[in-house]
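What follows is coords-v1.cif (mmCIF, C-alpha atoms and all ligand atoms).
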```cif
data_upload
loop_
_atom_site.label_atom_id
_atom_site.label_comp_id
_atom_site.auth_asym_id
_atom_site.auth_seq_id
_atom_site.Cartn_x
_atom_site.Cartn_y
_atom_site.Cartn_z
CA MET H 20 -3.83 14.23 15.68
CA ILE H 21 -2.95 10.74 16.82
CA LEU H 22 -2.40 11.06 20.58
CA THR H 23 -1.26 7.45 20.86
CA LYS H 24 -1.49 4.37 18.67
CA GLU H 25 -2.37 2.30 21.73
CA CYS H 26 -6.00 1.22 22.06
CA ASN H 27 -7.93 -0.48 24.83
CA LEU H 28 -10.13 -2.37 22.36
CA ALA H 29 -9.44 -4.75 19.49
CA CYS H 30 -12.52 -4.26 17.33
CA ARG H 31 -13.07 -6.87 14.66
CA TYR H 32 -12.70 -4.41 11.79
CA CYS H 33 -9.65 -2.62 13.20
CA GLY H 34 -7.79 -4.85 15.64
CA GLY H 35 -6.30 -1.83 17.42
CA GLY H 36 -5.17 0.11 14.35
CA SER H 37 -1.64 0.76 13.10
CA ASP H 38 1.19 -0.98 14.96
CA THR H 39 4.10 0.74 13.28
CA PRO H 40 6.37 2.59 15.73
CA PRO H 41 6.50 5.04 17.32
CA LYS H 42 3.27 4.55 19.22
CA GLU H 43 3.71 7.62 21.41
CA ILE H 44 4.24 11.29 20.59
CA GLN H 45 7.88 12.22 19.88
CA TYR H 46 7.52 15.92 19.06
CA SER H 47 7.35 18.75 21.57
CA LEU H 48 4.23 20.72 22.39
CA ALA H 49 6.18 23.85 21.41
CA ASP H 50 6.78 22.49 17.89
CA LEU H 51 3.13 21.55 17.57
CA GLY H 52 2.04 24.96 18.83
CA ALA H 53 4.37 26.73 16.38
CA PHE H 54 2.92 24.69 13.50
CA LEU H 55 -0.72 25.27 14.46
CA SER H 56 -0.24 28.96 15.14
CA GLN H 57 0.30 29.40 11.37
CA ASP H 58 -3.24 28.16 10.74
CA THR H 59 -5.84 30.94 10.85
CA ASP H 60 -8.72 28.60 11.77
CA PRO H 61 -7.35 25.39 13.29
CA THR H 62 -9.45 22.47 14.44
CA VAL H 63 -7.59 19.98 16.62
CA GLU H 64 -9.16 16.53 16.60
CA PHE H 65 -7.87 13.99 19.10
CA TYR H 66 -7.71 10.56 17.55
CA GLY H 67 -5.90 7.30 18.18
CA GLY H 68 -5.62 4.43 18.99
CA GLU H 69 -7.77 5.62 21.81
CA PRO H 70 -6.96 9.25 22.64
CA LEU H 71 -8.42 9.08 26.15
CA LEU H 72 -5.62 6.70 27.14
CA ARG H 73 -3.52 9.90 27.17
CA ILE H 74 -5.84 12.31 28.93
CA GLY H 75 -2.94 14.18 30.55
CA THR H 76 -1.36 14.96 27.16
CA MET H 77 -4.75 15.91 25.75
CA LYS H 78 -5.39 18.35 28.59
CA SER H 79 -1.97 19.99 28.20
CA MET H 80 -2.67 20.46 24.52
CA MET H 81 -6.10 21.91 25.20
CA ASP H 82 -4.55 24.32 27.68
CA GLN H 83 -1.93 25.54 25.26
CA LEU H 84 -3.05 25.10 21.66
CA PRO H 85 -5.20 27.47 19.63
CA GLY H 86 -8.40 26.50 17.86
CA ARG H 87 -11.50 24.40 18.37
CA PHE H 88 -11.33 20.88 19.68
CA VAL H 89 -12.91 17.61 18.58
CA LEU H 90 -12.63 14.23 20.27
CA GLN H 91 -13.09 10.89 18.57
CA THR H 92 -13.28 8.18 21.22
CA ASN H 93 -14.61 4.71 21.91
CA GLY H 94 -16.24 6.29 24.96
CA LEU H 95 -14.87 3.90 27.58
CA HIS H 96 -12.99 6.65 29.43
CA LEU H 97 -15.26 9.60 28.69
CA ASP H 98 -16.22 9.62 32.38
CA SER H 99 -12.61 10.61 33.17
CA VAL H 100 -12.79 13.90 31.27
CA ASP H 101 -13.45 16.81 33.65
CA PRO H 102 -16.42 19.09 32.85
CA GLN H 103 -14.08 22.05 32.29
CA TYR H 104 -12.39 20.16 29.42
CA LEU H 105 -15.62 18.65 28.13
CA SER H 106 -17.00 22.13 27.69
CA LYS H 107 -14.07 23.02 25.42
CA PHE H 108 -15.02 20.43 22.80
CA SER H 109 -17.10 21.52 19.83
CA THR H 110 -17.81 17.91 18.89
CA VAL H 111 -17.41 14.56 20.62
CA LEU H 112 -17.70 11.54 18.35
CA VAL H 113 -18.42 8.31 20.21
CA SER H 114 -17.80 5.09 18.30
CA ILE H 115 -20.80 2.84 18.70
CA ASP H 116 -22.24 0.57 16.05
CA GLY H 117 -25.91 0.34 17.02
CA ARG H 118 -27.77 -2.03 19.31
CA GLU H 119 -25.96 -3.73 22.19
CA GLU H 120 -25.45 -7.07 20.45
CA VAL H 121 -24.21 -5.38 17.27
CA THR H 122 -21.79 -3.06 19.08
CA ASP H 123 -20.49 -5.71 21.47
CA GLY H 124 -20.27 -8.27 18.66
CA GLN H 125 -17.77 -6.01 16.86
CA ARG H 126 -16.13 -4.19 19.76
CA GLY H 127 -16.23 -6.54 22.73
CA ARG H 128 -18.53 -7.33 25.63
CA GLY H 129 -19.71 -4.45 27.76
CA VAL H 130 -18.59 -1.76 25.29
CA TYR H 131 -22.13 -0.71 24.38
CA LYS H 132 -23.19 -0.14 28.00
CA ARG H 133 -20.09 1.92 28.80
CA ALA H 134 -20.39 4.01 25.65
CA ILE H 135 -24.08 4.70 26.28
CA GLN H 136 -23.63 5.38 30.01
CA ASN H 137 -20.71 7.71 29.38
CA SER H 138 -22.52 9.53 26.58
CA GLY H 139 -25.36 10.17 29.04
CA LEU H 140 -22.85 11.27 31.64
CA VAL H 141 -21.21 13.90 29.44
CA ARG H 142 -24.66 15.36 28.88
CA LYS H 143 -25.30 15.44 32.63
CA ARG H 144 -21.95 17.12 33.10
CA GLY H 145 -23.10 19.96 30.91
CA PHE H 146 -21.56 19.15 27.54
CA LYS H 147 -23.45 21.45 25.17
CA GLY H 148 -21.57 20.67 21.97
CA ASP H 149 -22.39 18.22 19.22
CA LEU H 150 -22.50 14.61 20.44
CA VAL H 151 -22.18 12.28 17.46
CA ALA H 152 -22.71 8.53 17.44
CA ARG H 153 -20.17 7.24 14.95
CA MET H 154 -21.08 3.84 13.60
CA THR H 155 -18.91 1.41 11.68
CA VAL H 156 -21.30 -0.67 9.63
CA ALA H 157 -20.06 -4.22 9.20
CA GLN H 158 -21.45 -6.68 6.70
CA GLY H 159 -24.72 -8.09 7.99
CA THR H 160 -25.75 -5.00 9.96
CA ASP H 161 -29.39 -3.97 9.66
CA ILE H 162 -28.80 -0.29 8.96
CA ARG H 163 -32.30 0.99 9.63
CA GLU H 164 -32.78 -0.85 12.90
CA ASN H 165 -29.39 0.22 14.28
CA VAL H 166 -29.53 3.86 13.21
CA GLU H 167 -33.03 4.16 14.66
CA HIS H 168 -31.94 2.49 17.86
CA LEU H 169 -29.16 5.01 18.41
CA TRP H 170 -31.44 7.92 17.51
CA ASP H 171 -34.10 6.67 19.91
CA THR H 172 -31.66 6.72 22.83
CA GLY H 173 -32.15 10.50 22.67
CA LEU H 174 -28.49 11.00 23.56
CA PHE H 175 -27.01 12.01 20.25
CA ASP H 176 -27.37 15.17 18.17
CA HIS H 177 -26.16 13.36 15.11
CA ILE H 178 -25.63 9.83 13.86
CA HIS H 179 -22.96 9.16 11.30
CA TRP H 180 -21.95 5.85 9.78
CA GLN H 181 -19.35 4.51 7.46
CA LEU H 182 -19.12 1.08 5.92
CA ASP H 183 -16.49 -1.24 7.32
CA PHE H 184 -13.47 -0.95 5.07
CA GLY H 185 -12.58 -4.61 5.58
CA MET H 186 -15.49 -5.97 3.61
CA PHE H 187 -14.14 -4.39 0.42
CA TRP H 188 -10.53 -5.27 1.09
CA GLU H 189 -8.49 -8.08 -0.43
CA ALA H 190 -10.63 -11.14 -1.01
CA GLY H 191 -9.76 -14.02 1.25
CA GLU H 192 -8.09 -12.04 4.00
CA TYR H 193 -11.01 -10.26 5.64
CA THR H 194 -13.93 -10.56 3.34
CA GLU H 195 -16.94 -12.74 3.91
CA PRO H 196 -19.17 -14.27 1.24
CA GLY H 197 -22.61 -12.90 0.48
CA ILE H 198 -21.61 -9.26 0.06
CA ASP H 199 -23.91 -8.68 -2.95
CA ASP H 200 -26.93 -9.86 -0.98
CA TRP H 201 -25.99 -7.75 2.00
CA ILE H 202 -25.47 -4.62 -0.13
CA ALA H 203 -28.95 -5.15 -1.57
CA ARG H 204 -30.32 -5.35 1.99
CA TYR H 205 -28.28 -2.33 3.09
CA ASN H 206 -29.59 -0.31 0.13
CA SER H 207 -33.14 -1.27 0.91
CA GLY H 208 -32.57 -0.22 4.55
CA ILE H 209 -31.30 3.14 3.25
CA SER H 210 -34.46 3.57 1.15
CA SER H 211 -36.62 2.98 4.16
CA LEU H 212 -34.52 5.25 6.40
CA VAL H 213 -34.72 8.07 3.85
CA ALA H 214 -38.50 7.64 3.72
CA SER H 215 -38.84 7.89 7.50
CA TRP H 216 -36.37 10.82 7.60
CA VAL H 217 -38.58 12.75 5.18
CA ASP H 218 -41.77 11.68 7.02
CA GLU H 219 -40.31 13.11 10.20
CA MET H 220 -39.63 16.41 8.42
CA LYS H 221 -43.25 16.56 7.30
CA ARG H 222 -44.56 15.59 10.73
CA SER H 223 -42.42 17.78 12.96
CA SER H 224 -40.68 20.29 10.68
CA ARG H 225 -37.48 18.89 12.04
CA VAL H 226 -34.44 17.49 10.26
CA GLN H 227 -33.22 14.42 12.12
CA GLY H 228 -29.46 14.49 12.51
CA LEU H 229 -28.54 11.70 10.11
CA VAL H 230 -25.25 13.02 8.78
CA PRO H 231 -25.03 11.18 5.43
CA PHE H 232 -28.54 12.33 4.51
CA ILE H 233 -28.08 15.94 5.61
CA GLY H 234 -24.77 16.41 3.79
CA VAL H 235 -25.92 14.91 0.50
CA MET H 236 -29.31 16.68 0.63
CA LYS H 237 -27.52 19.97 1.16
CA SER H 238 -25.51 19.42 -2.02
CA LEU H 239 -28.64 18.46 -3.94
CA LEU H 240 -30.52 21.54 -2.72
CA SER H 241 -27.70 24.01 -3.27
CA GLY H 242 -26.21 22.53 -6.44
CA GLU H 243 -22.75 23.33 -5.08
CA PRO H 244 -20.16 20.72 -6.04
CA SER H 245 -18.66 18.88 -3.11
CA LYS H 246 -15.01 18.10 -2.65
CA LEU H 247 -13.93 14.91 -0.90
CA ARG H 248 -16.03 15.35 2.20
CA CYS H 249 -13.61 14.06 4.82
CA GLY H 250 -11.16 16.68 3.53
CA SER H 251 -8.20 14.29 3.57
CA GLY H 252 -5.36 15.76 1.58
CA ILE H 253 -7.36 18.97 1.10
CA ASP H 254 -7.79 20.70 4.44
CA PHE H 255 -7.77 17.79 6.90
CA PHE H 256 -4.52 16.12 7.92
CA SER H 257 -3.31 13.75 10.59
CA ILE H 258 -0.28 14.47 12.69
CA MET H 259 1.39 11.15 13.41
CA PRO H 260 3.22 10.47 16.70
CA ASP H 261 6.63 11.13 15.07
CA GLY H 262 5.48 14.52 13.74
CA ARG H 263 5.02 13.41 10.13
CA ILE H 264 1.74 14.37 8.52
CA SER H 265 -0.58 11.94 6.80
CA ALA H 266 -3.33 13.02 4.42
CA CYS H 267 -5.72 10.59 6.13
CA PRO H 268 -5.76 9.26 9.69
CA VAL H 269 -6.36 5.68 8.56
CA SER H 270 -3.75 5.28 5.81
CA VAL H 271 -0.75 6.34 7.92
CA ASP H 272 1.26 3.26 6.88
CA PHE H 273 0.97 3.97 3.15
CA ASP H 274 3.60 6.06 1.34
CA PHE H 275 1.05 7.99 -0.74
CA SER H 276 -0.43 9.34 2.46
CA ILE H 277 2.67 11.02 3.90
CA VAL H 278 2.65 14.64 2.79
CA GLY H 279 5.03 16.41 5.18
CA SER H 280 5.81 17.07 8.82
CA ILE H 281 5.07 19.69 11.46
CA ILE H 282 8.72 20.76 11.29
CA ALA H 283 9.19 20.99 7.52
CA ASN H 284 5.77 22.31 6.54
CA THR H 285 3.29 25.04 7.27
CA PRO H 286 -0.43 24.23 7.32
CA GLY H 287 -0.89 26.36 4.19
CA SER H 288 1.74 24.39 2.25
CA LEU H 289 -0.24 21.17 2.80
CA LYS H 290 -3.49 22.41 1.35
CA ASP H 291 -4.70 20.39 -1.65
CA THR H 292 -1.63 18.13 -1.74
CA GLU H 293 -3.74 15.04 -2.50
CA ALA H 294 -6.84 14.44 -4.59
CA VAL H 295 -8.82 11.41 -5.71
CA GLY H 296 -8.25 10.26 -9.28
CA GLU H 297 -10.09 7.80 -11.51
CA PRO H 298 -12.67 6.37 -11.44
CA CYS H 299 -14.00 9.23 -9.29
CA SER H 300 -12.75 12.15 -11.36
CA SER H 301 -14.87 11.14 -14.36
CA CYS H 302 -17.81 9.75 -12.39
CA ASP H 303 -21.19 11.29 -13.23
CA ILE H 304 -21.99 11.90 -9.55
CA PHE H 305 -18.53 13.10 -8.54
CA ASN H 306 -19.85 16.58 -7.70
CA ILE H 307 -22.24 15.12 -5.14
CA CYS H 308 -20.21 12.20 -3.83
CA GLY H 309 -16.91 14.07 -3.75
CA GLY H 310 -14.98 10.83 -4.22
CA ARG H 311 -15.93 9.17 -0.92
CA CYS H 312 -12.46 8.07 0.29
CA LEU H 313 -8.91 9.05 -0.66
CA PHE H 314 -7.51 5.89 0.92
CA VAL H 315 -9.73 3.57 -1.11
CA ASN H 316 -9.04 5.57 -4.25
CA LYS H 317 -5.26 5.42 -3.85
CA ALA H 318 -5.19 1.80 -2.70
CA GLN H 319 -7.84 0.47 -5.08
CA HIS H 320 -5.46 -2.20 -6.38
CA LEU H 321 -5.79 -3.81 -2.95
CA LEU H 322 -9.57 -4.05 -3.05
CA ARG H 323 -11.40 -7.30 -3.59
CA GLU H 324 -12.73 -8.07 -7.06
CA ARG H 325 -15.40 -5.48 -7.97
CA GLY H 326 -14.59 -3.75 -4.68
CA TYR H 327 -14.90 -0.22 -6.04
CA SER H 328 -18.14 -0.88 -7.87
CA LEU H 329 -19.61 -2.53 -4.77
CA ILE H 330 -18.85 0.56 -2.70
CA CYS H 331 -20.14 2.87 -5.43
CA ALA H 332 -23.38 0.89 -5.67
CA THR H 333 -24.12 2.05 -2.11
CA VAL H 334 -23.22 5.67 -2.88
CA ARG H 335 -25.30 5.71 -6.05
CA HIS H 336 -28.29 4.29 -4.20
CA LEU H 337 -28.00 6.87 -1.43
CA VAL H 338 -27.76 9.74 -3.93
CA LYS H 339 -30.68 8.38 -5.97
CA GLU H 340 -32.96 8.02 -2.93
CA LEU H 341 -32.13 11.48 -1.66
CA GLY H 342 -32.51 12.90 -5.17
CA GLU H 343 -36.02 11.46 -5.30
CA ALA H 344 -36.80 12.96 -1.87
CA ARG H 345 -35.48 16.36 -2.86
CA PRO H 346 -38.67 17.82 -4.49
CA LEU H 347 -40.60 17.17 -1.29
CA VAL H 348 -37.89 18.76 0.81
CA GLU H 349 -37.93 21.77 -1.51
CA VAL H 350 -41.68 22.11 -0.99
CA LEU H 351 -41.17 22.03 2.80
CA VAL H 352 -38.52 24.74 2.47
CA ARG H 353 -40.76 26.85 0.20
CA GLU H 354 -43.65 26.53 2.61
CA GLY H 355 -41.43 27.61 5.51
CA ALA H 356 -41.67 24.31 7.42
CA LEU H 357 -37.90 23.93 6.99
CA LYS H 358 -35.02 26.29 6.37
CA LEU H 359 -32.16 25.67 3.97
CA SER H 360 -29.86 26.31 6.93
CA ASP H 361 -31.30 23.17 8.59
CA PHE H 362 -29.00 21.31 6.20
CA ASP H 363 -25.85 23.28 7.07
CA TYR H 364 -23.94 20.49 8.68
CA PRO H 365 -21.21 20.12 9.62
CA GLY H 366 -20.40 23.77 10.18
CA PHE H 367 -16.70 22.84 10.09
CA ASN H 368 -14.86 19.61 9.31
CA ASN H 369 -15.63 17.65 12.48
CA GLY H 370 -14.46 14.20 11.40
CA CYS H 371 -17.70 13.07 9.76
CA GLU H 372 -16.96 11.87 6.23
CA THR H 373 -20.66 12.22 5.25
CA ILE H 374 -20.56 9.58 2.50
CA PRO H 375 -20.83 6.18 4.17
S1 LIG K 1 -19.74 7.10 -6.67
FE1 LIG K 1 -17.84 5.94 -6.62
S2 LIG K 1 -16.74 6.48 -8.50
FE2 LIG K 1 -18.38 7.99 -8.16
S3 LIG K 1 -17.32 9.67 -7.12
FE3 LIG K 1 -18.27 8.34 -5.55
S4 LIG K 1 -16.67 6.86 -4.95
FE4 LIG K 1 -16.03 7.83 -6.87
S1 LIG K 2 -12.98 8.64 4.20
FE1 LIG K 2 -11.27 10.08 4.35
S2 LIG K 2 -10.58 9.94 6.50
FE2 LIG K 2 -11.84 8.11 6.08
S3 LIG K 2 -10.35 6.55 5.43
FE3 LIG K 2 -11.11 7.57 3.58
S4 LIG K 2 -9.62 9.20 3.15
FE4 LIG K 2 -9.33 8.54 5.27
#
```
Could you write out this structure as structure tokens?
Amino acid sequence: MILTKECNLACRYCGGGSDTPPKEIQYSLADLGAFLSQDTDPTVEFYGGEPLLRIGTMKSMMDQLPGRFVLQTNGLHLDSVDPQYLSKFSTVLVSIDGREEVTDGQRGRGVYKRAIQNSGLVRKRGFKGDLVARMTVAQGTDIRENVEHLWDTGLFDHIHWQLDFGMFWEAGEYTEPGIDDWIARYNSGISSLVASWVDEMKRSSRVQGLVPFIGVMKSLLSGEPSKLRCGSGIDFFSIMPDGRISACPVSVDFDFSIVGSIIANTPGSLKDTEAVGEPCSSCDIFNICGGRCLFVNKAQHLLRERGYSLICATVRHLVKELGEARPLVEVLVREGALKLSDFDYPGFNNGCETIP
């Protein structure tokens, strides 16, 4: 749920998020509790804006609402969350884009140090849940170098990344030239990351927590078709500050996204209200990709020229590289060096979309 639309950063790719009123929660905790109590297995994810600008509201909700809790934060105020509340989170996702100059270049000076220090602090304060570094990958980012940097900090259980939406958006407004060259470099970085991910499995019988690789490999190993992995419009919804419900937390200002409200709907009545359409529904790798992003699919008319195919070029490359790595992974599983359950992640929808 969106705890507030206010944010204490103005990242280059976001600018502080949606500005449409109301910015603050209008519904009562009782109404929210009544809505959630009809869900047999609720996960409450605090999102913003920056949710830790409303720590008091968050704590009241954690005291009174059922379910498991997830926090998605820029990390600047993580040091203000008491250990007793930290311990209630299943997952904390900290937005950080990689090395200091990359993170600060997108998010502002000093952000990297605070996010890293506070991630270390939550560990010292006994947080035992899943600490995820959540990267936004802007055009120009060296994916291998920055993923490895975050992994090497030793702070995070998992690293997840998603490509900056803006680079595929309307040409002229946000986009920068040279995207084809950068996608070629990004894809080659993915090839080399996959190779070192598999090398690490061979060396240590350990699956490094790189979320996009784990999720796709699991689908390849099991053969089970994947739905849209973020779950937007399926079993993952965003409660907006006025109590309306959006299929996706990012597309709250788009009519297609509004599917109900906590007053008029039950959680069950929202299930499967949205689904991606073409070109995903007839794509040959739809069962593995899942459609990547409902927002992009519904708003594809707003993408830059070739926007969809540029995005899909990255998905296809990722699936191809992991497909080629699969026989080796299967051997490691057969030999007992790895277990199929090593690829069971996430155990519940924790806000990682899996497909970058
Ligand atoms: S690869 Fe592209 S077209 Fe295919 S399912 Fe994924 S997002 Fe849709
Ligand atoms: S991946 Fe899912 S949650 Fe993220 S913007 Fe797209 S639809 Fe929304």
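Residue nearest ligand LIG 2 (chain K) within the list H:Leu48, H:Ile202, H:Val269, H:Ile304: H:Val269 [criterion: smallest interatomic distance, all atoms listed in the file].
Closest approach to ligand LIG 1 (chain K) from the set H:Ser270, H:Ser245, H:Ser265, H:Ser223 is made by H:Ser245, with distances taken over all atoms listed in the file.
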Give the residues close to ligand LIG 2 (chain K), within 6 Å, counting all atoms listed in the file; write them as a PDB file with C-alpha atoms, in the frame of the given file.
```
ATOM      1  CA  CYS H 249     -13.610  14.060   4.820  1.00  0.00           C
ATOM      2  CA  SER H 251      -8.200  14.290   3.570  1.00  0.00           C
ATOM      3  CA  CYS H 267      -5.720  10.590   6.130  1.00  0.00           C
ATOM      4  CA  PRO H 268      -5.760   9.260   9.690  1.00  0.00           C
ATOM      5  CA  VAL H 269      -6.360   5.680   8.560  1.00  0.00           C
ATOM      6  CA  ARG H 311     -15.930   9.170  -0.920  1.00  0.00           C
ATOM      7  CA  CYS H 312     -12.460   8.070   0.290  1.00  0.00           C
ATOM      8  CA  LEU H 313      -8.910   9.050  -0.660  1.00  0.00           C
ATOM      9  CA  PHE H 314      -7.510   5.890   0.920  1.00  0.00           C
ATOM     10  CA  GLU H 372     -16.960  11.870   6.230  1.00  0.00           C
TER      11      GLU H 372
END
```
Which protein, DNA or RNA residues have an atom at most 12 Å from (-22.6, 16.4, 29.6), counting only C-alpha atoms? List them as number ranges by chain. H: 97-98, 100-108, 110-111, 136-150, 174-175
Just want the 10 Å neighbourhood of H:Met80, counted on all atoms listed in the file, with same-chain residues fewer than 2 positions away dropped. Output as a PyMOL selection string. chain H and resi 48-49+51-52+63+65+74-78+82-85+88
Test item: residues no farther than 10 Å from ligand LIG 1 (chain K), counting only C-alpha atoms and all ligand atoms, as a PyMOL selection string: chain H and resi 246-247+295-313+315-316+327-338+374
For H:Gly342, work out the shell of residues within 8 Å, counting all atoms listed in the file and skipping chain neighbours fewer than 3 positions away, then give it as a VMD selection string. chain H and resid 236 239 338 to 339 345 to 346
Selection above as a file: C-alpha atoms, as an mmCIF file, keeping the file's coordinate frame:
```
data_model
loop_
_atom_site.group_PDB
_atom_site.id
_atom_site.type_symbol
_atom_site.label_atom_id
_atom_site.label_comp_id
_atom_site.auth_asym_id
_atom_site.auth_seq_id
_atom_site.Cartn_x
_atom_site.Cartn_y
_atom_site.Cartn_z
ATOM 1 C CA MET H 236 -29.310 16.680 0.630
ATOM 2 C CA LEU H 239 -28.640 18.460 -3.940
ATOM 3 C CA VAL H 338 -27.760 9.740 -3.930
ATOM 4 C CA LYS H 339 -30.680 8.380 -5.970
ATOM 5 C CA ARG H 345 -35.480 16.360 -2.860
ATOM 6 C CA PRO H 346 -38.670 17.820 -4.490
#
```
Test item: residues at most 10 Å from H:Leu351, only C-alpha atoms, excluding those fewer than 5 positions along its chain, as a VMD selection string: chain H and resid 217 220 to 221 224 345 to 346 356 to 359
Please, what distance in Å, to one decimal, runs between atom CA of H:Met259 and atom CA of H:Met20?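 Atom CA of H:Met20 lies 6.5 Å from atom CA of H:Met259.
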Which protein, DNA or RNA residues are at most 10 Å from (-34.8, 0.1, 7.8) in the file's coordinates when you count only C-alpha atoms, listed as JSON, numbers by chain? {"H": [161, 162, 163, 164, 165, 166, 167, 204, 205, 206, 207, 208, 209, 210, 211, 212, 213, 214, 215]}
Excluding same-chain residues fewer than 3 positions from H:Phe54, what lies within 10 Å of it counting all atoms listed in the file, as a PyMOL selection string? chain H and resi 48-51+57-58+280-286
Generate all heavy atoms for stretch 364-370 of chain H and emit them as a PDB file, in the coordinates of the input.
```pdb
ATOM      1  N   TYR H 364     -24.666  21.322   7.724  1.00  0.00           N
ATOM      2  CA  TYR H 364     -23.940  20.490   8.680  1.00  0.00           C
ATOM      3  C   TYR H 364     -22.926  19.649   7.915  1.00  0.00           C
ATOM      4  O   TYR H 364     -23.276  19.134   6.862  1.00  0.00           O
ATOM      5  CB  TYR H 364     -24.886  19.569   9.455  1.00  0.00           C
ATOM      6  CG  TYR H 364     -24.167  18.749  10.508  1.00  0.00           C
ATOM      7  CD1 TYR H 364     -23.984  19.254  11.783  1.00  0.00           C
ATOM      8  CD2 TYR H 364     -23.655  17.500  10.209  1.00  0.00           C
ATOM      9  CE1 TYR H 364     -23.297  18.524  12.746  1.00  0.00           C
ATOM     10  CE2 TYR H 364     -22.965  16.772  11.172  1.00  0.00           C
ATOM     11  CZ  TYR H 364     -22.807  17.290  12.424  1.00  0.00           C
ATOM     12  OH  TYR H 364     -22.113  16.562  13.381  1.00  0.00           O
ATOM     13  N   PRO H 365     -21.735  19.463   8.436  1.00  0.00           N
ATOM     14  CA  PRO H 365     -21.210  20.120   9.620  1.00  0.00           C
ATOM     15  C   PRO H 365     -20.783  21.552   9.319  1.00  0.00           C
ATOM     16  O   PRO H 365     -20.432  21.879   8.191  1.00  0.00           O
ATOM     17  CB  PRO H 365     -19.984  19.266   9.971  1.00  0.00           C
ATOM     18  CG  PRO H 365     -19.565  18.647   8.682  1.00  0.00           C
ATOM     19  CD  PRO H 365     -20.795  18.518   7.830  1.00  0.00           C
ATOM     20  N   GLY H 366     -20.792  22.373  10.344  1.00  0.00           N
ATOM     21  CA  GLY H 366     -20.400  23.770  10.180  1.00  0.00           C
ATOM     22  C   GLY H 366     -18.903  23.906   9.942  1.00  0.00           C
ATOM     23  O   GLY H 366     -18.432  24.909   9.418  1.00  0.00           O
ATOM     24  N   PHE H 367     -18.142  22.895  10.343  1.00  0.00           N
ATOM     25  CA  PHE H 367     -16.700  22.840  10.090  1.00  0.00           C
ATOM     26  C   PHE H 367     -16.379  21.351   9.976  1.00  0.00           C
ATOM     27  O   PHE H 367     -17.222  20.498  10.298  1.00  0.00           O
ATOM     28  CB  PHE H 367     -15.900  23.505  11.223  1.00  0.00           C
ATOM     29  CG  PHE H 367     -16.045  22.770  12.526  1.00  0.00           C
ATOM     30  CD1 PHE H 367     -15.087  21.848  12.924  1.00  0.00           C
ATOM     31  CD2 PHE H 367     -17.152  22.976  13.345  1.00  0.00           C
ATOM     32  CE1 PHE H 367     -15.235  21.159  14.120  1.00  0.00           C
ATOM     33  CE2 PHE H 367     -17.304  22.292  14.542  1.00  0.00           C
ATOM     34  CZ  PHE H 367     -16.334  21.375  14.931  1.00  0.00           C
ATOM     35  N   ASN H 368     -15.199  21.031   9.501  1.00  0.00           N
ATOM     36  CA  ASN H 368     -14.860  19.610   9.310  1.00  0.00           C
ATOM     37  C   ASN H 368     -14.654  18.965  10.697  1.00  0.00           C
ATOM     38  O   ASN H 368     -13.647  19.170  11.359  1.00  0.00           O
ATOM     39  CB  ASN H 368     -13.591  19.489   8.473  1.00  0.00           C
ATOM     40  CG  ASN H 368     -13.345  18.037   8.066  1.00  0.00           C
ATOM     41  OD1 ASN H 368     -13.840  17.109   8.708  1.00  0.00           O
ATOM     42  ND2 ASN H 368     -12.620  17.844   6.995  1.00  0.00           N
ATOM     43  N   ASN H 369     -15.656  18.194  11.120  1.00  0.00           N
ATOM     44  CA  ASN H 369     -15.630  17.650  12.480  1.00  0.00           C
ATOM     45  C   ASN H 369     -15.359  16.142  12.500  1.00  0.00           C
ATOM     46  O   ASN H 369     -15.644  15.471  13.494  1.00  0.00           O
ATOM     47  CB  ASN H 369     -16.964  17.943  13.198  1.00  0.00           C
ATOM     48  CG  ASN H 369     -18.134  17.216  12.557  1.00  0.00           C
ATOM     49  OD1 ASN H 369     -17.970  16.502  11.570  1.00  0.00           O
ATOM     50  ND2 ASN H 369     -19.313  17.384  13.106  1.00  0.00           N
ATOM     51  N   GLY H 370     -14.815  15.619  11.406  1.00  0.00           N
ATOM     52  CA  GLY H 370     -14.460  14.200  11.400  1.00  0.00           C
ATOM     53  C   GLY H 370     -15.551  13.294  10.864  1.00  0.00           C
ATOM     54  O   GLY H 370     -15.380  12.077  10.862  1.00  0.00           O
TER      55      GLY H 370
END
```
